[in-house]
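Below: upload_29.txt (compact mmCIF, C-alpha atoms)
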# COMPACT_ATOMS: atom_id res chain seq x y z
CA MET D 1 89.26 80.87 131.77
CA ASN D 2 91.82 83.57 132.31
CA GLU D 3 91.08 87.25 132.04
CA THR D 4 92.78 87.68 128.67
CA LEU D 5 90.68 84.97 127.06
CA ALA D 6 87.54 86.42 128.59
CA HIS D 7 88.48 89.76 127.09
CA LEU D 8 89.08 88.12 123.70
CA PHE D 9 85.64 86.51 123.80
CA GLU D 10 84.00 89.78 124.78
CA ASP D 11 85.55 91.40 121.75
CA CYS D 12 84.43 88.51 119.54
CA ALA D 13 80.83 89.20 120.50
CA ALA D 14 81.12 92.42 118.50
CA ALA D 15 82.11 90.60 115.29
CA PRO D 16 79.67 91.10 112.41
CA GLY D 17 77.26 88.17 112.40
CA ALA D 18 79.09 86.37 115.21
CA LEU D 19 77.53 83.04 116.20
CA GLY D 20 80.17 81.70 118.53
CA CYS D 21 83.86 81.57 119.31
CA GLY D 22 86.32 79.36 121.11
CA VAL D 23 89.90 78.56 121.93
CA ARG D 24 91.52 75.14 122.19
CA LEU D 25 94.77 75.28 124.11
CA PRO D 26 97.79 73.04 123.56
CA ASP D 27 96.77 70.92 126.60
CA HIS D 28 93.47 70.26 124.75
CA THR D 29 91.35 72.26 127.18
CA CYS D 30 88.61 74.19 125.43
CA HIS D 31 87.00 77.51 126.22
CA VAL D 32 83.99 78.49 124.17
CA ARG D 33 81.32 81.14 124.11
CA SER D 34 78.05 80.74 122.28
CA LEU D 35 76.67 83.95 120.87
CA HIS D 36 73.46 82.45 119.52
CA PRO D 37 70.72 80.53 121.38
CA ASP D 38 70.72 77.72 118.78
CA TRP D 39 74.44 77.12 119.20
CA PRO D 40 75.14 75.36 122.51
CA ASN D 41 78.61 75.39 124.01
CA GLU D 42 78.84 71.61 123.58
CA ALA D 43 78.51 71.98 119.80
CA LEU D 44 81.22 74.62 119.77
CA GLU D 45 83.53 72.38 121.79
CA LYS D 46 82.96 69.54 119.29
CA THR D 47 83.63 71.99 116.49
CA LEU D 48 86.97 72.91 118.04
CA LEU D 49 87.88 69.23 118.22
CA HIS D 50 87.04 68.75 114.52
CA LEU D 51 89.03 71.84 113.62
CA ALA D 52 92.03 70.57 115.59
CA ASN D 53 91.75 67.25 113.77
CA ALA D 54 91.56 69.10 110.45
CA ALA D 55 94.71 71.06 111.30
CA SER D 56 96.49 67.79 112.11
CA LEU D 57 95.21 66.29 108.87
CA LEU D 58 96.61 69.19 106.86
CA ALA D 59 99.93 68.98 108.72
CA SER D 60 100.13 65.28 107.83
CA HIS D 61 99.98 66.40 104.18
CA ASP D 62 102.81 68.91 104.75
CA ILE D 63 100.42 71.85 104.91
CA ALA D 64 101.19 73.67 108.15
CA ALA D 65 98.32 76.14 108.11
CA GLN D 66 98.36 79.41 110.04
CA ARG D 67 94.83 80.38 109.10
CA LEU D 68 91.83 78.52 107.77
CA ALA D 69 88.48 79.75 106.55
CA TRP D 70 85.70 77.22 106.03
CA THR D 71 82.86 78.59 103.94
CA PHE D 72 79.40 77.06 104.11
CA ALA D 73 76.13 78.23 102.58
CA GLN D 74 74.98 79.74 105.86
CA GLY D 75 78.14 80.49 107.74
CA ARG D 76 81.88 80.74 107.90
CA ILE D 77 84.35 79.29 110.38
CA PHE D 78 87.56 81.28 110.75
CA VAL D 79 90.49 79.54 112.40
CA ALA D 80 93.89 80.80 113.54
CA ILE D 81 96.54 78.32 114.62
CA ARG D 82 99.41 79.38 116.84
CA PRO D 83 102.84 77.76 116.51
CA ASP D 84 102.27 76.04 119.89
CA GLY D 85 99.16 74.34 118.47
CA ALA D 86 96.57 76.52 120.20
CA ILE D 87 93.51 77.15 118.03
CA PHE D 88 91.23 80.16 117.96
CA SER D 89 87.98 79.99 116.06
CA LEU D 90 85.20 82.43 115.24
CA VAL D 91 81.95 81.32 113.60
CA THR D 92 79.91 83.90 111.73
CA GLN D 93 76.93 84.10 109.45
CA SER D 94 77.91 83.79 105.80
CA GLU D 95 76.72 87.22 104.74
CA ALA D 96 78.71 88.92 107.50
CA SER D 97 81.96 90.56 106.50
CA ALA D 98 84.11 89.51 109.40
CA VAL D 99 87.49 88.90 107.74
CA GLU D 100 89.04 92.14 108.90
CA PHE D 101 87.57 91.72 112.36
CA PHE D 102 89.04 88.23 112.60
CA ASP D 103 92.44 89.59 111.60
CA ARG D 104 92.30 91.95 114.56
CA MET D 105 91.14 89.22 116.91
CA THR D 106 94.00 87.03 115.70
CA PHE D 107 96.40 89.73 116.82
CA GLN D 108 95.03 89.43 120.31
CA PHE D 109 95.04 85.64 120.23
CA PHE D 110 98.67 85.47 119.23
CA CYS D 111 99.48 87.69 122.21
CA VAL D 112 97.50 85.64 124.75
CA MET U 113 103.52 113.03 95.23
CA SER U 114 101.79 113.18 91.88
CA ASP U 115 99.52 116.02 92.97
CA PRO U 116 101.62 118.93 94.18
CA LYS U 117 98.66 120.49 95.99
CA LYS U 118 97.95 117.41 98.04
CA LYS U 119 99.58 117.31 101.43
CA PRO U 120 101.23 114.04 102.44
CA GLN U 121 98.98 112.17 104.87
CA ILE U 122 101.13 110.64 107.57
CA LEU U 123 99.93 108.39 110.36
CA PHE U 124 101.88 107.75 113.56
CA VAL U 125 100.92 104.67 115.60
CA ASP U 126 102.31 104.48 119.11
CA ASP U 127 100.81 103.49 122.45
CA GLU U 128 102.53 106.39 124.25
CA PRO U 129 100.27 109.46 123.96
CA ASP U 130 103.01 111.75 125.29
CA PHE U 131 105.44 110.61 122.61
CA LEU U 132 102.75 111.01 119.95
CA GLN U 133 102.12 114.55 121.14
CA VAL U 134 105.81 115.39 120.81
CA VAL U 135 105.96 113.76 117.38
CA ILE U 136 102.93 115.64 116.07
CA GLU U 137 104.16 119.00 117.35
CA THR U 138 107.73 118.48 116.13
CA PHE U 139 106.91 117.20 112.64
CA SER U 140 104.19 119.79 112.22
CA SER U 141 106.82 122.44 112.89
CA LEU U 142 109.54 120.82 110.77
CA SER U 143 107.18 120.44 107.80
CA ASN U 144 105.86 123.99 108.17
CA GLY U 145 102.39 122.53 108.19
CA ASP U 146 102.92 120.82 104.83
CA TRP U 147 102.18 117.38 106.31
CA ASP U 148 98.72 116.31 107.42
CA LEU U 149 99.47 114.37 110.58
CA HIS U 150 97.25 111.65 112.03
CA GLN U 151 97.76 109.63 115.19
CA ALA U 152 96.54 106.37 116.71
CA THR U 153 97.43 104.74 120.01
CA SER U 154 96.59 101.18 118.97
CA ALA U 155 96.49 98.92 115.93
CA ASP U 156 92.69 98.84 116.05
CA ALA U 157 92.49 102.62 116.06
CA ALA U 158 94.99 102.76 113.20
CA MET U 159 92.99 100.29 111.09
CA GLU U 160 89.82 102.28 111.72
CA LEU U 161 91.54 105.50 110.76
CA LEU U 162 92.89 103.93 107.57
CA LYS U 163 89.33 103.11 106.55
CA HIS U 164 88.43 106.77 106.45
CA HIS U 165 91.63 108.50 105.34
CA LYS U 166 93.89 107.96 102.36
CA ILE U 167 97.15 107.70 104.25
CA ASP U 168 100.43 107.82 102.33
CA LEU U 169 102.81 106.74 105.07
CA ALA U 170 102.35 104.92 108.39
CA VAL U 171 105.03 105.16 111.05
CA VAL U 172 104.47 102.28 113.45
CA ASP U 173 105.94 101.53 116.87
CA ILE U 174 106.69 97.80 116.85
CA ASN U 175 106.86 97.40 120.61
CA MET U 176 103.31 98.22 121.56
CA PRO U 177 101.73 95.97 124.21
CA LEU U 178 99.30 93.26 123.03
CA LEU U 179 100.54 93.71 119.51
CA ASP U 180 103.01 91.89 117.33
CA GLY U 181 104.36 94.70 115.20
CA VAL U 182 105.45 92.33 112.44
CA GLN U 183 101.96 90.85 112.19
CA PHE U 184 100.60 94.37 112.03
CA LEU U 185 102.97 95.15 109.16
CA ARG U 186 101.73 92.09 107.28
CA ILE U 187 98.11 93.08 107.74
CA LEU U 188 98.84 96.63 106.65
CA GLY U 189 100.56 95.24 103.56
CA ARG U 190 97.59 93.05 102.71
CA ARG U 191 94.87 95.59 103.43
CA HIS U 192 96.63 98.68 102.14
CA PRO U 193 99.15 97.58 99.51
CA SER U 194 100.01 101.12 98.40
CA LEU U 195 100.70 102.32 101.96
CA LYS U 196 104.35 103.01 102.72
CA LYS U 197 105.41 101.77 106.12
CA VAL U 198 108.17 102.73 108.53
CA THR U 199 108.82 101.05 111.85
CA LEU U 200 109.95 102.96 114.88
CA THR U 201 111.35 101.40 118.02
CA ALA U 202 113.11 102.31 121.22
CA PHE U 203 114.78 98.89 121.35
CA ALA U 204 116.37 98.16 118.01
CA THR U 205 117.93 94.78 117.33
CA GLU U 206 119.35 93.42 114.11
CA GLU U 207 116.91 90.51 114.23
CA LYS U 208 113.91 92.81 114.56
CA ARG U 209 115.24 95.06 111.83
CA THR U 210 115.57 92.16 109.41
CA GLU U 211 112.12 90.90 110.28
CA CYS U 212 110.46 94.29 109.78
CA LEU U 213 112.17 94.96 106.46
CA ALA U 214 111.26 91.48 105.25
CA ASN U 215 107.64 92.18 106.08
CA GLY U 216 107.19 95.33 104.09
CA ALA U 217 108.73 98.14 106.15
CA GLU U 218 110.57 100.68 104.00
CA LEU U 219 112.66 101.89 106.92
CA PHE U 220 113.49 100.66 110.40
CA ILE U 221 114.49 103.51 112.66
CA GLU U 222 115.14 104.15 116.32
CA LYS U 223 113.02 106.60 118.25
CA PRO U 224 114.71 109.99 118.27
CA ARG U 225 115.83 111.43 121.58
CA THR U 226 117.20 114.78 120.44
CA ALA U 227 116.09 117.62 118.20
CA ALA U 228 118.77 116.64 115.70
CA GLY U 229 117.38 113.11 115.72
CA PHE U 230 113.87 114.35 114.91
CA LYS U 231 115.27 116.52 112.11
CA SER U 232 117.13 113.57 110.64
CA ILE U 233 114.02 111.40 110.71
CA TYR U 234 111.94 114.19 109.21
CA VAL U 235 114.31 114.36 106.24
CA MET U 236 114.10 110.58 105.74
CA LEU U 237 110.32 110.51 105.95
CA GLU U 238 109.97 113.50 103.64
CA GLU U 239 112.18 111.74 101.12
CA LEU U 240 110.16 108.56 101.42
CA VAL U 241 106.73 110.13 101.22
CA THR U 242 107.56 112.24 98.18
CA TRP U 243 109.30 109.44 96.31
CA SER U 244 107.27 107.81 93.59
CA PRO U 245 108.40 104.75 91.63
CA GLN U 246 108.94 105.33 87.93
CA ALA U 247 108.61 101.70 86.91
CA GLY U 248 106.89 98.64 88.28
CA PHE U 249 103.55 98.49 90.00
CA GLN U 250 103.14 101.25 92.48
CA GLY U 251 102.01 99.75 95.75
CA MET U 252 103.40 96.35 94.99
CA LEU U 253 106.10 96.67 97.66
CA ARG U 254 107.76 93.36 98.30
CA GLN U 255 105.04 90.81 98.56
CA VAL U 256 101.77 92.23 97.31
CA GLY U 257 101.13 92.47 93.60
CA LEU U 258 98.25 92.51 91.17
CA ASN U 259 97.52 88.78 91.33
CA ASP U 260 97.75 88.89 95.09
CA VAL U 261 95.25 91.72 95.30
CA ILE U 262 92.82 89.91 93.01
CA GLN U 263 93.15 86.76 95.10
CA MET U 264 92.56 88.67 98.31
CA GLU U 265 89.53 90.45 96.91
CA CYS U 266 88.07 87.16 95.68
CA LEU U 267 88.88 85.18 98.82
CA GLY U 268 87.41 87.95 100.94
CA ARG U 269 84.32 88.04 98.70
CA ASN U 270 84.86 91.76 98.28
CA SER U 271 83.46 94.02 95.61
CA SER U 272 85.91 96.40 93.96
CA ILE U 273 87.35 97.71 90.73
CA LEU U 274 91.02 97.25 89.91
CA GLU U 275 92.20 100.01 87.63
CA ILE U 276 95.42 99.09 85.82
CA HIS U 277 97.44 101.24 83.52
CA ASN U 278 100.86 101.86 82.09
CA GLN U 279 102.11 104.37 79.56
CA LYS U 280 100.40 102.60 76.66
CA MET U 281 97.13 101.22 77.93
CA SER U 282 94.57 101.39 80.67
CA GLY U 283 91.91 98.95 81.77
CA ARG U 284 89.69 97.78 84.58
CA ILE U 285 88.80 94.52 86.29
CA PHE U 286 85.46 94.35 88.11
CA ILE U 287 85.12 92.03 91.10
CA GLU U 288 81.68 91.61 92.66
CA GLU U 289 81.39 89.71 95.92
CA GLY U 290 84.52 87.73 95.18
CA THR U 291 83.64 86.91 91.58
CA ILE U 292 85.45 88.40 88.60
CA ILE U 293 82.55 89.60 86.47
CA HIS U 294 84.02 91.95 83.89
CA ALA U 295 87.27 93.23 82.41
CA ILE U 296 87.80 95.93 79.86
CA LEU U 297 90.91 97.05 78.03
CA GLY U 298 90.33 99.48 75.20
CA ALA U 299 87.80 97.88 72.86
CA GLU U 300 88.36 94.43 74.30
CA THR U 301 86.34 92.94 77.13
CA GLY U 302 86.10 89.63 78.94
CA GLU U 303 88.83 87.07 79.39
CA LYS U 304 91.05 88.44 76.62
CA ALA U 305 91.07 91.86 78.25
CA PHE U 306 91.67 90.24 81.65
CA GLN U 307 94.61 88.20 80.37
CA LYS U 308 96.18 91.20 78.68
CA LEU U 309 95.78 93.32 81.79
CA LEU U 310 97.53 90.69 83.86
CA SER U 311 100.32 90.50 81.29
CA ILE U 312 101.16 94.18 81.51
CA THR U 313 104.77 94.66 82.53
CA GLY U 314 105.39 97.94 84.26
CA GLY U 315 102.61 100.23 85.34
CA GLU U 316 100.35 101.01 88.24
CA PHE U 317 97.16 99.73 89.71
CA ASN U 318 94.57 101.23 92.04
CA LEU U 319 91.81 99.58 94.00
CA LEU U 320 88.59 101.57 93.57
CA ARG U 321 85.16 101.40 95.15
CA PHE U 322 82.90 98.99 93.27
CA GLU U 323 80.37 100.32 90.78
CA SER U 324 78.40 98.01 88.55
CA PRO U 325 79.82 97.93 85.01
CA GLY U 326 76.33 97.36 83.61
CA VAL U 327 77.59 94.34 81.71
CA ARG U 328 79.01 90.95 82.63
CA SER U 329 81.69 89.65 80.30
CA MET U 330 83.32 87.00 82.48
CA GLN U 331 82.25 83.95 84.39
CA GLY U 332 83.81 80.95 86.06
CA PRO U 333 85.91 80.45 89.20
CA TRP U 334 88.51 83.15 89.74
CA GLU U 335 91.16 80.50 90.36
CA PHE U 336 90.88 79.29 86.77
CA LEU U 337 90.74 82.78 85.35
CA LEU U 338 93.97 83.65 87.17
CA MET U 339 95.57 80.38 86.18
CA GLU U 340 94.69 80.87 82.53
CA ALA U 341 95.96 84.44 82.67
CA SER U 342 99.23 83.16 84.12
CA ARG U 343 99.52 80.67 81.27
CA VAL U 344 98.91 83.39 78.67
CA ARG U 345 101.43 85.64 80.39
CA ASP U 346 104.02 82.85 80.35
CA GLU U 347 103.38 82.34 76.64
CA LEU U 348 103.74 86.03 75.94
CA ALA U 349 106.99 86.05 77.87
CA LEU U 350 108.35 83.40 75.50
CA GLN U 351 107.61 85.49 72.41
CA PRO U 352 110.43 87.55 70.84
CA GLU U 353 111.12 90.90 72.42
CA PRO U 354 109.40 93.83 70.65
CA ALA U 355 111.56 96.32 68.82
CA VAL U 356 110.72 99.06 71.29
CA ALA U 357 112.30 98.57 74.68
CA PRO U 358 109.54 97.72 77.16
CA ALA U 359 109.18 99.18 80.61
CA ALA U 360 110.97 97.44 83.43
CA PRO U 361 109.60 93.90 83.71
CA VAL U 362 107.60 92.98 86.76
CA ARG U 363 107.66 89.43 88.01
CA PRO U 364 104.31 88.02 89.02
CA SER U 365 103.95 88.27 92.77
CA VAL U 366 101.93 85.07 93.01
CA ILE U 367 102.57 81.88 91.12
CA ILE U 368 100.05 79.08 90.90
CA VAL U 369 102.15 76.04 91.68
CA GLU U 370 99.64 73.24 91.60
CA THR U 371 96.12 72.55 90.37
CA LEU U 372 93.97 69.47 90.54
CA ILE U 373 90.34 68.89 89.59
CA CYS U 374 88.70 65.57 90.31
CA THR U 375 85.24 64.11 90.53
CA ALA U 376 83.54 63.73 93.88
CA GLN U 377 84.50 60.06 93.67
CA GLY U 378 88.18 60.97 93.35
CA ASP U 379 88.75 60.39 89.63
CA PRO U 380 91.20 62.98 88.26
CA VAL U 381 89.79 65.30 85.59
CA PHE U 382 92.56 67.87 85.25
CA LEU U 383 96.10 67.97 86.65
CA TRP U 384 98.67 70.71 86.36
CA GLN U 385 102.06 70.50 88.06
CA CYS U 386 100.61 68.16 90.64
CA PRO U 387 103.41 65.77 91.61
CA ASP U 388 101.36 63.81 94.12
CA ALA U 389 97.86 63.67 92.66
CA PRO U 390 96.81 60.54 94.64
CA GLY U 391 97.93 62.24 97.86
CA ARG U 392 96.02 65.41 97.02
CA ILE U 393 92.89 63.44 96.19
CA VAL U 394 93.14 61.66 99.54
CA LEU U 395 93.56 65.05 101.20
CA LEU U 396 90.45 66.42 99.47
CA GLN U 397 88.46 63.36 100.48
CA ASN U 398 89.70 63.68 104.07
CA ILE U 399 88.74 67.36 104.11
CA ALA U 400 85.29 66.41 102.83
CA GLN U 401 84.97 63.82 105.63
CA GLN U 402 86.14 66.28 108.27
CA THR U 403 83.71 68.84 106.91
CA ALA U 404 80.84 66.36 107.11
CA LEU U 405 81.58 66.07 110.84
CA LEU U 406 81.58 69.86 111.15
CA SER U 407 78.28 70.05 109.28
CA LYS U 408 76.74 67.54 111.67
CA THR U 409 77.88 69.61 114.63
CA LEU U 410 76.85 73.04 113.39
CA PRO U 411 73.86 73.86 111.16
CA LEU U 412 75.77 75.80 108.52
CA GLY U 413 74.35 74.30 105.33
CA ASN U 414 76.29 73.03 102.34
CA PHE U 415 80.07 73.21 102.42
CA GLU U 416 81.56 75.34 99.64
CA ARG U 417 85.28 75.80 100.13
CA LEU U 418 88.24 75.81 102.47
CA GLU U 419 90.96 78.44 102.29
CA ILE U 420 94.32 77.65 103.85
CA LEU U 421 96.93 80.31 104.51
CA GLN U 422 100.57 79.51 105.17
CA PRO U 423 103.44 81.99 105.38
CA ASP U 424 104.48 81.32 101.78
CA HIS U 425 101.53 79.46 100.26
CA ARG U 426 97.82 79.88 99.82
CA THR U 427 95.62 76.91 99.08
CA VAL U 428 91.96 76.83 98.12
CA ALA U 429 89.91 73.65 98.08
CA VAL U 430 86.52 74.06 96.41
CA PHE U 431 83.79 71.47 96.69
CA SER U 432 80.66 71.09 94.57
CA HIS U 433 78.22 68.20 94.42
CA ASP U 434 80.16 66.50 91.62
CA HIS U 435 83.69 67.94 91.65
CA MET U 436 86.55 68.86 93.96
CA VAL U 437 89.19 71.45 93.09
CA PHE U 438 92.58 72.01 94.68
CA VAL U 439 94.61 75.12 93.77
CA ARG U 440 97.86 76.01 95.51
CA SER U 441 99.75 79.25 94.92
CA ALA U 442 103.02 80.61 96.22
CA SER U 443 104.44 84.07 96.63
CA ALA U 444 107.07 84.87 94.02
CA PHE U 445 108.81 86.93 96.69
CA PRO U 446 109.02 84.63 99.70
CA PRO U 447 109.91 86.26 103.00
CA ALA U 448 113.67 86.60 103.48
As structure tokens:
Amino acid sequence: MNETLAHLFEDCAAAPGALGCGVRLPDHTCHVRSLHPDWPNEALEKTLLHLANAASLLASHDIAAQRLAWTFAQGRIFVAIRPDGAIFSLVTQSEASAVEFFDRMTFQFFCV
Amino acid sequence: MSDPKKKPQILFVDDEPDFLQVVIETFSSLSNGDWDLHQATSADAAMELLKHHKIDLAVVDINMPLLDGVQFLRILGRRHPSLKKVTLTAFATEEKRTECLANGAELFIEKPRTAAGFKSIYVMLEELVTWSPQAGFQGMLRQVGLNDVIQMECLGRNSSILEIHNQKMSGRIFIEEGTIIHAILGAETGEKAFQKLLSITGGEFNLLRFESPGVRSMQGPWEFLLMEASRVRDELALQPEPAVAPAAPVRPSVIIVETLICTAQGDPVFLWQCPDAPGRIVLLQNIAQQTALLSKTLPLGNFERLEILQPDHRTVAVFSHDHMVFVRSASAFPPA
């Protein structure tokens, strides 16, 4: 993982209610960081794969998403998709108000 | 400015502290201390500062490192719709200028290098910060309007009060944790008040800190409330013009372009302007399948909804145990 990504992940750790974060690059390599003991890195990597598949699914329906937010009863998954296909995701607890934080992190991600 | 005693609050965002120092000293002198000047050396610092100060005008350097100035403009527009924005750059290009203006900047100017240049910019900024629109929604700018603000507050599960008024009427919409719970317009409350407020042409709105109204006059998904309000507004627009000339009309900033409600099994229940209903139902079912995989991977509980943002569209897919809902909206002012 390069220094910029490491810096991005360090910043993500400060997100309200952060549970984990990850980046899937256009070459399909994944970098993840678990921020909760119950959330292993393997699960986050699988999550990134499902999110990438979801982005492809939406694109196949002519919906080229830039951002996605999946809301569950106990958590939210924020996703930013770069034009080159790279995906950045942040998972938070549902009660956490992390939208603004994710916006700022997306700035960084688009500059990586 | 509406309050002559209030000093304009102006924020300069630039990663060069030396330049900021020169700017602050120069504009403080040129304004004879009539401007309250704030400074930030990064987008993060600027966002933090905006949380605590009611800034009237932000002057933003678009060439800061690790920052896409255009993205920053968009975020400023979404988070602070009434904020006027000016971009400042040492490397002006026509392409960048077009992009900045299309994304909400009022002015695109080059960094001054001479005293005369600073004076010229001071005059422009003074003109901009003291100008107040006489018609239309103040703070609407190019892409953010009343519907847009309501959508953002609901999607973000925020709590706030939208105060809306024009020369004839004044009302409030209460949003609690992303749910529209109450609207009041004169003696009317509930959906009728909500629909009338969203049909106002010409006027202003302000986003206020949430306080409980002590009563709940509305219920149901905000998507439907907005959709119904749009329908009522369209109907009102078809009625004959009143004898008294109305204020300048304001086009809705967001238009719901497509709505579909179906059962969990995929049987359509309600369609509105949905040209490819079978395709949308397949999409909803595929999203549900993809979400089931996500749920197996991460212990997040029941899936509730997916929000999808595109440059010119916003889509919300809502899932309950027996129904699926698909609502797609578009900006009435697409980026140039």
At most 10 Å to chain U: residues in chain D, only C-alpha atoms, as number ranges by chain: D: 38-40, 42-51, 53-55, 57-58, 60-61, 63-80, 91-95, 97-101, 103-112
Show me, as a list in words, the residues that have an atom within 10 Å of U:Ile292 when counting only C-alpha atoms, minus same-chain residues fewer than 3 positions from it.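 After dropping sequence-adjacent residues, the list is Ile262, Glu265, Cys266, Ser271, Ser272, Ile273, Ile285, Phe286, Ile287, Glu288, Glu289, Ala295, Gly302, Glu303, Phe306, Arg328, Ser329, Met330, Gln331, Gly332, Pro333, Trp334, Glu335, Leu337 and Leu338 of chain U.
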Which residues are close to U:Thr153, i.e. within 6 Å by all atoms listed in the file, leaving aside same-chain residues fewer than 3 positions away? Reply as a PDB file with C-alpha atoms, in the coordinates of the input.
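Final output, saved to out-v1.pdb:
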ATOM      1  CA  VAL U 125     100.920 104.670 115.600  1.00  0.00           C
ATOM      2  CA  ASP U 126     102.310 104.480 119.110  1.00  0.00           C
ATOM      3  CA  ASP U 127     100.810 103.490 122.450  1.00  0.00           C
TER       4      ASP U 127
END
Find the residues around U:Leu161 up to 9 Å (all atoms listed in the file counted), leave out those fewer than 5 positions away in its own chain, and share them as a PyMOL selection string. chain U and resi 123+150-152+156+167
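Within 9 Å of stretch 2-13 of chain D there are D:Ala18, D:Leu19, D:Gly20, D:Cys21, D:Gly22, D:Val23, D:His31, D:Val32, D:Arg33, D:Leu35, D:Leu90, D:Phe101, D:Phe102, D:Met105, D:Gln108, D:Phe109, D:Val112, counting only C-alpha atoms and ignoring same-chain residues fewer than 5 positions away.
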One number please: atom CA of U:Asn318 to atom CA of U:Leu213, in Å, one decimal. 23.6 Å
Length of the atom CA of U:Ala170 to atom CA of U:Arg190 vector [Å]: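 So the answer is 14.0 Å.
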